[in-house]
>>> print(open('target_20.csv').read())   # CSV, C-alpha atoms and all ligand atoms
chain,number,residue,atom,x,y,z
A,1,MET,CA,98.0,75.9,118.2
A,2,ILE,CA,98.2,72.1,118.5
A,3,SER,CA,100.1,70.7,121.5
A,4,VAL,CA,100.8,67.1,122.4
A,5,GLN,CA,102.3,66.6,125.9
A,6,ASN,CA,103.6,63.3,127.2
A,7,LEU,CA,100.9,61.5,125.3
A,8,THR,CA,100.7,57.7,125.8
A,9,LYS,CA,98.2,55.2,124.6
A,10,THR,CA,98.4,51.5,125.2
A,11,PHE,CA,96.1,48.9,123.7
A,12,GLY,CA,96.6,45.8,125.8
A,13,SER,CA,100.3,45.0,125.5
A,14,VAL,CA,100.7,47.4,122.5
A,15,ARG,CA,102.2,50.8,123.3
A,16,ALA,CA,100.8,52.6,120.3
A,17,VAL,CA,101.9,56.0,121.5
A,18,ASP,CA,104.7,56.4,124.0
A,19,ASP,CA,105.3,59.6,126.0
A,20,LEU,CA,105.0,61.7,122.8
A,21,SER,CA,105.4,65.5,123.0
A,22,PHE,CA,105.4,68.0,120.2
A,23,ASP,CA,103.9,71.3,119.1
A,24,VAL,CA,102.4,72.4,115.8
A,25,ARG,CA,102.6,76.0,114.9
A,26,PRO,CA,100.1,78.0,112.8
A,27,GLY,CA,100.9,79.5,109.4
A,28,VAL,CA,102.9,76.5,108.2
A,29,VAL,CA,102.2,72.9,107.0
A,30,THR,CA,103.5,70.3,109.4
A,31,GLY,CA,104.2,66.8,108.3
A,32,PHE,CA,103.4,64.1,110.9
A,33,LEU,CA,105.6,61.2,109.7
A,34,GLY,CA,106.3,57.7,110.6
A,35,PRO,CA,106.2,54.2,109.2
A,36,ASN,CA,103.1,52.0,109.2
A,37,GLY,CA,102.0,51.3,112.8
A,38,ALA,CA,104.1,54.2,114.2
A,39,GLY,CA,101.1,55.6,116.0
A,40,LYS,CA,100.1,58.5,113.8
A,41,THR,CA,96.4,57.7,113.5
A,42,THR,CA,96.2,56.9,117.2
A,43,THR,CA,97.8,60.3,118.1
A,44,LEU,CA,95.4,62.1,115.8
A,45,ARG,CA,92.4,60.2,117.2
A,46,MET,CA,93.4,61.3,120.7
A,47,LEU,CA,93.8,64.9,119.4
A,48,LEU,CA,90.2,64.6,118.1
A,49,GLY,CA,88.8,63.1,121.3
A,50,LEU,CA,88.0,59.8,119.6
A,51,VAL,CA,90.2,57.8,121.8
A,52,SER,CA,91.1,58.7,125.4
A,53,PRO,CA,94.8,58.8,126.2
A,54,THR,CA,96.2,56.4,128.7
A,55,SER,CA,98.2,59.4,130.0
A,56,GLY,CA,99.3,62.8,128.8
A,57,GLN,CA,97.3,65.4,127.0
A,58,ALA,CA,96.6,66.6,123.5
A,59,THR,CA,95.1,70.1,123.0
A,60,ILE,CA,94.0,72.4,120.2
A,61,GLY,CA,94.3,76.1,121.0
A,62,GLY,CA,94.9,75.2,124.6
A,63,LYS,CA,91.8,73.1,124.9
A,64,GLU,CA,91.1,69.4,124.7
A,65,TYR,CA,88.8,68.7,121.7
A,66,ALA,CA,85.8,67.8,123.9
A,67,ALA,CA,86.1,71.3,125.6
A,68,ILE,CA,86.0,73.2,122.3
A,69,PRO,CA,82.5,74.9,122.1
A,70,GLN,CA,82.0,74.6,118.3
A,71,PRO,CA,84.6,72.1,117.2
A,72,ALA,CA,83.6,72.0,113.5
A,73,ARG,CA,84.3,75.7,113.4
A,74,VAL,CA,87.7,75.2,114.9
A,75,VAL,CA,89.0,71.9,113.6
A,76,GLY,CA,88.5,70.2,110.3
A,77,ALA,CA,89.7,66.7,110.5
A,78,ALA,CA,89.8,63.7,108.1
A,79,LEU,CA,91.1,60.4,109.5
A,80,GLU,CA,92.0,57.4,107.5
A,81,ALA,CA,89.2,55.2,106.2
A,82,ALA,CA,86.7,58.1,106.4
A,83,SER,CA,83.3,56.4,106.1
A,84,PHE,CA,80.6,57.6,103.8
A,85,HIS,CA,77.1,56.4,103.3
A,86,PRO,CA,77.5,54.7,99.9
A,87,GLY,CA,74.0,55.5,98.8
A,88,ARG,CA,74.3,59.3,99.3
A,89,THR,CA,75.6,61.6,96.6
A,90,GLY,CA,78.6,63.7,97.3
A,91,LEU,CA,76.5,66.8,97.7
A,92,ASP,CA,74.1,65.1,100.1
A,93,HIS,CA,77.0,63.9,102.2
A,94,LEU,CA,78.0,67.5,102.7
A,95,ARG,CA,74.4,68.5,103.3
A,96,VAL,CA,74.1,66.1,106.2
A,97,PHE,CA,76.9,67.9,108.0
A,98,ALA,CA,76.0,71.5,106.9
A,99,PRO,CA,73.3,72.1,109.5
A,100,GLN,CA,75.6,71.0,112.3
A,101,VAL,CA,78.3,73.3,111.1
A,102,GLY,CA,75.7,76.0,110.3
A,103,VAL,CA,76.6,76.5,106.6
A,104,SER,CA,74.5,76.9,103.5
A,105,ASP,CA,73.7,74.6,100.6
A,106,GLN,CA,75.7,77.1,98.5
A,107,ARG,CA,78.8,76.5,100.6
A,108,CYS,CA,78.5,72.7,100.0
A,109,ARG,CA,78.4,73.3,96.2
A,110,GLU,CA,81.4,75.7,96.4
A,111,LEU,CA,83.4,73.2,98.4
A,112,LEU,CA,82.7,70.4,95.9
A,113,ASP,CA,83.8,72.7,93.2
A,114,MET,CA,87.0,73.5,95.2
A,115,VAL,CA,88.0,69.9,95.6
A,116,GLY,CA,87.3,69.1,91.9
A,117,LEU,CA,84.1,67.1,92.5
A,118,ALA,CA,81.6,69.5,90.9
A,119,ASP,CA,80.9,67.1,88.1
A,120,ALA,CA,80.4,64.2,90.5
A,121,ALA,CA,78.2,66.1,93.0
A,122,LYS,CA,75.1,64.2,92.1
A,123,ARG,CA,76.8,60.8,91.9
A,124,ARG,CA,76.5,58.2,94.7
A,125,VAL,CA,79.6,58.1,96.9
A,126,GLY,CA,79.6,54.3,96.7
A,127,GLY,CA,80.7,54.7,93.1
A,128,TYR,CA,83.5,57.2,94.0
A,129,SER,CA,87.1,56.2,93.4
A,130,LEU,CA,89.6,56.3,96.4
A,131,GLY,CA,90.9,59.7,95.2
A,132,MET,CA,87.4,61.0,94.9
A,133,ARG,CA,86.6,59.9,98.4
A,134,GLN,CA,89.7,61.6,99.7
A,135,ARG,CA,88.6,64.8,98.0
A,136,LEU,CA,85.1,64.5,99.5
A,137,ALA,CA,86.7,63.9,102.9
A,138,LEU,CA,88.7,67.1,102.5
A,139,ALA,CA,85.6,69.1,101.4
A,140,THR,CA,83.9,67.8,104.6
A,141,THR,CA,86.8,69.1,106.8
A,142,LEU,CA,86.5,72.5,105.2
A,143,LEU,CA,82.8,73.0,105.7
A,144,GLY,CA,83.2,75.1,108.9
A,145,ASP,CA,86.1,77.1,107.5
A,146,PRO,CA,88.2,76.0,110.4
A,147,PRO,CA,91.6,77.5,111.4
A,148,VAL,CA,93.0,74.1,112.2
A,149,LEU,CA,93.2,71.2,109.7
A,150,ILE,CA,94.2,67.7,110.7
A,151,LEU,CA,94.4,65.3,107.8
A,152,ASP,CA,95.5,61.7,108.1
A,153,GLU,CA,97.3,60.5,104.9
A,154,PRO,CA,95.3,62.8,102.6
A,155,ALA,CA,97.5,62.1,99.6
A,156,ASN,CA,96.6,58.3,99.7
A,157,GLY,CA,95.0,57.4,96.5
A,158,LEU,CA,95.5,60.8,94.8
A,159,ASP,CA,97.1,60.8,91.3
A,160,PRO,CA,100.2,63.0,90.8
A,161,GLY,CA,98.0,65.9,89.6
A,162,GLY,CA,95.9,65.4,92.7
A,163,ILE,CA,98.9,65.4,95.0
A,164,ARG,CA,100.1,68.7,93.4
A,165,TRP,CA,96.6,70.2,93.8
A,166,LEU,CA,96.5,69.1,97.5
A,167,ARG,CA,100.0,70.6,98.1
A,168,GLU,CA,98.9,73.9,96.7
A,169,LEU,CA,95.7,73.9,98.7
A,170,LEU,CA,97.5,73.1,101.9
A,171,ARG,CA,100.1,75.7,101.3
A,172,PHE,CA,97.4,78.2,100.6
A,173,PHE,CA,95.6,77.4,103.9
A,174,ALA,CA,98.8,77.7,105.8
A,175,GLY,CA,99.5,81.0,104.1
A,176,GLN,CA,96.2,82.2,105.5
A,177,GLY,CA,97.6,81.6,109.0
A,178,ARG,CA,95.9,78.3,109.6
A,179,THR,CA,97.4,75.4,111.4
A,180,VAL,CA,97.8,72.4,109.0
A,181,LEU,CA,98.9,69.0,110.3
A,182,VAL,CA,99.1,66.3,107.7
A,183,SER,CA,100.3,62.7,108.3
A,184,SER,CA,102.1,60.5,105.9
A,185,HIS,CA,104.2,57.3,106.0
A,186,VAL,CA,106.3,58.5,103.1
A,187,LEU,CA,108.5,61.6,103.5
A,188,SER,CA,108.9,62.1,99.7
A,189,GLU,CA,105.1,62.4,99.4
A,190,VAL,CA,105.0,65.5,101.5
A,191,GLN,CA,108.6,66.7,101.1
A,192,GLN,CA,107.5,69.6,98.9
A,193,THR,CA,104.4,70.4,101.0
A,194,VAL,CA,105.6,70.7,104.5
A,195,ASP,CA,107.6,73.4,106.4
A,196,ASP,CA,108.0,71.4,109.6
A,197,VAL,CA,108.3,67.7,110.3
A,198,VAL,CA,107.4,65.7,113.3
A,199,ILE,CA,108.7,62.2,112.9
A,200,ILE,CA,107.7,59.3,115.1
A,201,ALA,CA,108.5,55.6,115.2
A,202,GLN,CA,107.1,52.9,117.5
A,203,GLY,CA,105.0,55.6,119.2
A,204,ARG,CA,108.0,57.7,120.2
A,205,LEU,CA,109.2,61.1,118.9
A,206,VAL,CA,112.4,60.7,116.9
A,207,HIS,CA,112.7,64.1,115.3
A,208,ALA,CA,110.9,67.4,115.2
A,209,SER,CA,112.2,70.5,113.4
A,210,PRO,CA,111.8,72.7,110.3
A,211,LEU,CA,112.3,70.5,107.2
A,212,GLY,CA,115.5,72.5,106.4
A,213,ASP,CA,117.1,71.2,109.6
A,214,LEU,CA,116.3,67.6,108.6
A,215,ALA,CA,117.6,68.3,105.1
A,216,ALA,CA,120.9,69.5,106.6
A,217,GLN,CA,121.4,66.0,108.0
A,218,ALA,CA,121.3,64.7,104.4
A,219,SER,CA,124.8,65.1,103.0
A,220,ARG,CA,127.2,63.7,100.5
A,221,HIS,CA,130.5,62.2,101.3
A,222,VAL,CA,133.2,60.3,99.5
A,223,GLU,CA,134.7,57.0,100.4
A,224,VAL,CA,138.3,56.7,99.5
A,225,VAL,CA,140.8,53.9,100.0
A,226,SER,CA,144.5,54.0,99.5
A,227,PRO,CA,147.4,51.6,100.2
A,228,THR,CA,149.3,54.5,101.7
A,229,GLY,CA,147.0,55.7,104.4
A,230,GLU,CA,149.4,58.2,105.9
A,231,ALA,CA,150.0,60.0,102.6
A,232,LEU,CA,146.3,60.1,101.9
A,233,LYS,CA,145.6,61.4,105.4
A,234,ALA,CA,148.1,64.2,104.8
A,235,VAL,CA,146.3,65.2,101.6
A,236,LEU,CA,142.9,65.3,103.4
A,237,ASP,CA,144.4,67.3,106.3
A,238,ALA,CA,146.0,69.8,103.8
A,239,GLN,CA,142.6,70.4,102.2
A,240,GLY,CA,141.0,70.9,105.6
A,241,TRP,CA,138.3,68.3,104.9
A,242,THR,CA,136.4,66.6,107.6
A,243,TYR,CA,136.7,62.8,107.5
A,244,GLU,CA,136.4,59.7,109.5
A,245,VAL,CA,139.1,57.0,109.4
A,246,ALA,CA,137.7,53.6,108.4
A,247,SER,CA,140.7,51.4,108.0
A,248,ARG,CA,140.5,47.6,108.2
A,249,ASP,CA,142.8,44.7,107.6
A,250,GLY,CA,145.7,47.0,106.6
A,251,VAL,CA,143.7,48.8,104.0
A,252,HIS,CA,143.4,52.5,104.7
A,253,GLY,CA,139.9,53.9,104.2
A,254,PHE,CA,138.5,57.4,104.8
A,255,ARG,CA,135.0,58.7,104.7
A,256,VAL,CA,135.3,62.4,103.7
A,257,SER,CA,132.3,64.7,104.3
A,258,ASP,CA,130.7,67.2,102.0
A,259,VAL,CA,133.1,66.9,99.0
A,260,ALA,CA,132.8,65.5,95.5
A,261,ALA,CA,134.7,62.4,94.4
A,262,ALA,CA,136.5,64.5,91.7
A,263,GLN,CA,137.9,66.9,94.4
A,264,VAL,CA,139.4,64.0,96.4
A,265,GLY,CA,140.7,62.3,93.3
A,266,ALA,CA,142.3,65.5,92.0
A,267,ALA,CA,144.0,66.3,95.4
A,268,ALA,CA,145.3,62.8,95.7
A,269,PHE,CA,146.6,62.8,92.1
A,270,ALA,CA,148.3,66.1,92.6
A,271,ALA,CA,150.1,64.7,95.7
A,272,GLY,CA,151.0,61.5,93.9
A,273,VAL,CA,148.9,59.3,96.2
A,274,GLU,CA,147.7,56.0,94.8
A,275,LEU,CA,144.0,55.3,95.3
A,276,HIS,CA,142.3,51.9,95.2
A,277,ALA,CA,138.7,53.1,95.6
A,278,LEU,CA,136.9,56.4,95.3
A,279,THR,CA,133.2,56.4,95.7
A,280,GLN,CA,130.7,59.2,95.9
A,281,GLN,CA,127.9,58.5,98.4
A,282,GLU,CA,124.8,60.7,98.5
A,283,VAL,CA,122.5,60.6,101.5
A,284,GLU,CA,119.1,61.5,100.4
A,285,LEU,CA,116.5,63.1,102.7
A,286,GLU,CA,114.5,59.9,102.4
A,287,ASP,CA,117.5,57.9,103.6
A,288,VAL,CA,117.7,60.2,106.7
A,289,PHE,CA,114.0,59.5,107.3
A,290,LEU,CA,114.4,55.8,106.9
A,291,GLN,CA,117.4,55.8,109.3
A,292,LEU,CA,115.7,57.9,111.9
A,293,THR,CA,112.7,55.6,111.9
A,294,GLY,CA,114.8,52.4,111.8
A,295,GLN,CA,113.5,51.3,108.5
A,296,THR,CA,116.9,50.6,107.0
A,297,GLN,CA,120.2,49.1,108.3
A,298,ASN,CA,122.3,51.9,107.0
A,299,VAL,CA,123.6,53.4,103.8
A,300,ALA,CA,126.8,51.8,102.5
A,301,HIS,CA,129.8,52.4,104.7
A,302,VAL,CA,133.4,52.6,103.8
A,303,GLY,CA,133.7,49.1,105.2
A,304,ASP,CA,132.0,47.8,102.0
A,305,ALA,CA,134.6,49.5,99.9
A,306,THR,CA,137.5,48.2,101.9
A,307,GLN,CA,136.2,44.7,101.7
A,308,GLU,CA,136.1,45.0,97.9
A,309,VAL,CA,139.7,46.2,97.9
A,310,ALA,CA,140.9,43.6,100.4
A,311,ALA,CA,139.2,40.7,98.5
A,401,LIG,N1,92.0,50.1,118.4
A,401,LIG,C1,93.1,49.4,118.5
A,401,LIG,N2,93.3,48.3,119.2
A,401,LIG,C2,94.5,47.7,119.3
A,401,LIG,N3,95.6,48.1,118.7
A,401,LIG,C3,95.5,49.3,118.0
A,401,LIG,C4,94.3,50.0,117.9
A,401,LIG,N4,94.5,51.1,117.1
A,401,LIG,C5,95.8,51.1,116.9
A,401,LIG,N5,96.4,50.0,117.4
A,401,LIG,C6,97.9,49.6,117.3
A,401,LIG,O1,98.6,50.8,117.6
A,401,LIG,C7,99.8,50.9,116.7
A,401,LIG,C8,99.8,52.2,116.0
A,401,LIG,O2,98.7,52.2,115.1
A,401,LIG,P1,98.3,53.5,114.2
A,401,LIG,O3,97.1,53.1,113.4
A,401,LIG,O4,98.2,54.6,115.1
A,401,LIG,O5,99.6,53.6,113.3
A,401,LIG,P2,99.8,54.6,112.0
A,401,LIG,O6,101.1,55.3,112.3
A,401,LIG,O7,98.6,55.4,111.8
A,401,LIG,O8,100.1,53.6,110.9
A,401,LIG,P3,99.7,53.6,109.3
A,401,LIG,O9,100.8,54.4,108.6
A,401,LIG,O10,99.7,52.2,108.9
A,401,LIG,O11,98.4,54.3,109.1
A,401,LIG,C9,99.7,49.6,115.8
A,401,LIG,O12,100.5,48.6,116.4
A,401,LIG,C10,98.3,49.2,115.9
A,401,LIG,O13,98.1,47.9,115.6
A,402,MG,MG,97.4,55.6,110.2
>>> encode(input="target_20.csv", output="structure tokens")
Amino acid sequence: MISVQNLTKTFGSVRAVDDLSFDVRPGVVTGFLGPNGAGKTTTLRMLLGLVSPTSGQATIGGKEYAAIPQPARVVGAALEAASFHPGRTGLDHLRVFAPQVGVSDQRCRELLDMVGLADAAKRRVGGYSLGMRQRLALATTLLGDPPVLILDEPANGLDPGGIRWLRELLRFFAGQGRTVLVSSHVLSEVQQTVDDVVIIAQGRLVHASPLGDLAAQASRHVEVVSPTGEALKAVLDAQGWTYEVASRDGVHGFRVSDVAAAQVGAAAFAAGVELHALTQQEVELEDVFLQLTGQTQNVAHVGDATQEVAA
């Protein structure tokens, strides 16, 4: 439904989006993820025809935004820093857009109710909190009952209850077969919401897959060190475990995948192999995200453990 092909945008010497390609399918929630400055908002702005690409193409239902006859009926979008007239009430804000979209006053009230702003409908937007403005922005995107939702950091400013509410709402929309693209700079914020992930860094695609495929990259492993490397290696081989050798300075280290420290310890003990270090390392999904986007050096490697032993 949403397709981005070789999209590039430069602002002077800044390459905000760099030859980016990905597709977003209907019926699921897709997380568009990347650190601050990665190019998420710029990409979404190009999708919505607010910025013209330097090269490449971004389409919704096969059409560039400008070519969609009744865009508000097709795409509901809320970009960061959505601007509201501070003197207008929440209800009046929706009423301004209602005629363009061709919906009734009644629909405006229903939407305010749906986003939890019924009680604040007659209050001026200038006095709304950040979370309330996010809810109002969401209501605005929903006016035309669009099959495609594009939301830039919608969870920003929402309290935990609000984040859960948003998650359920987005999942509900996806369940209706809509296309839902939602950006965030924190994977954990959308981890429970999204089915697919598109991850970018420095304007480039670094990963696109169902969330489960990304989760498969998160793993646990055990770092184990022994003064008798050959004997320990024989134990690991006998168990059929996958491992990497990480020996240094005459200290024999191994990094064993997908096992628990207790299993390695027990096997070594049974074989009478002396151990000098045995450490469980969990690689969380968030760590995978941080590594993919270059936001971390790396999680601890066996080298750290061997150093301790060698010291
Ligand atoms: N109008 C502009 N003029 C100059 N540079 C811009 C403009 N818009 C974006 N950029 C630059 O493009 C890069 C990508 O910015 P963008 O806002 O798309 O990132 P983002 O992924 O949305 O980040 P955040 O998580 O902070 O919202 C940044 O280096 C930014 O400074
Ligand atoms: Mg942004």
>>> residues_near_ligand(input="target_20.csv", ligand="ligand LIG 401 (chain A)", cutoff="8 Å", atoms="only C-alpha atoms and all ligand atoms", output="list of chain:residue names")
A:Thr10, A:Phe11, A:Gly12, A:Val14, A:Arg15, A:Ala16, A:Val17, A:Leu33, A:Gly34, A:Pro35, A:Asn36, A:Gly37, A:Ala38, A:Gly39, A:Lys40, A:Thr41, A:Thr42, A:Thr43, A:Glu80, A:Asp152, A:Glu153, A:Ser184, A:His185, A:Ala201, A:Gln202, A:Gly203
>>> residues_around(input="target_20.csv", residues="Leu111 (chain A)", least_positions_apart="2", cutoff="8 Å", atoms="only C-alpha atoms", output="number ranges by chain")
A: 107-109, 113-115, 139, 142-143
>>> residues_near_point(input="target_20.csv", point="(102.5, 64.4, 104.7)", cutoff="7 Å", atoms="all atoms listed in the file", output="PyMOL selection string")
chain A and resi 31-33+153+182-184+187+189-190
>>> residues_around(input="target_20.csv", residues="Leu170 (chain A)", least_positions_apart="4", cutoff="9 Å", atoms="all atoms listed in the file", output="ChimeraX atom specification")
/A:28-29,165-166,174-175,180,193-194
>>> atom_distance(input="target_20.csv", atom1="CA of Gln5 (chain A)", atom2="CA of Thr59 (chain A)")
8.5 Å
>>> closest_residue(input="target_20.csv", among="A:Arg124, A:Arg45, A:Arg135, A:Arg88", to="ligand MG 402 (chain A)", atoms="all atoms listed in the file")
A:Arg45
>>> closest_atom_pairs(input="target_20.csv", of="region 176-238 of chain A", to="region 270-283 of chain A", cutoff="6 Å", atoms="only C-alpha atoms", output="tab-separated table")
residue	atom	partner	partner_atom	distance
A:Ala218	CA	A:Val283	CA	5.2
A:Ser219	CA	A:Val283	CA	5.3
A:Arg220	CA	A:Glu282	CA	4.3
A:His221	CA	A:Gln281	CA	5.4
A:Val222	CA	A:Gln280	CA	4.5
A:Glu223	CA	A:Thr279	CA	5.0
A:Val224	CA	A:Leu278	CA	4.4
A:Val225	CA	A:Ala277	CA	4.9
A:Ser226	CA	A:Leu275	CA	4.4
>>> residues_near_point(input="target_20.csv", point="(72.9, 61.3, 91.6)", cutoff="12 Å", atoms="only C-alpha atoms", output="list in words")
Pro86, Gly87, Arg88, Thr89, Gly90, Leu91, Asp92, His93, Ala118, Asp119, Ala120, Ala121, Lys122, Arg123, Arg124, Val125, Gly126, Gly127 and Tyr128 of chain A
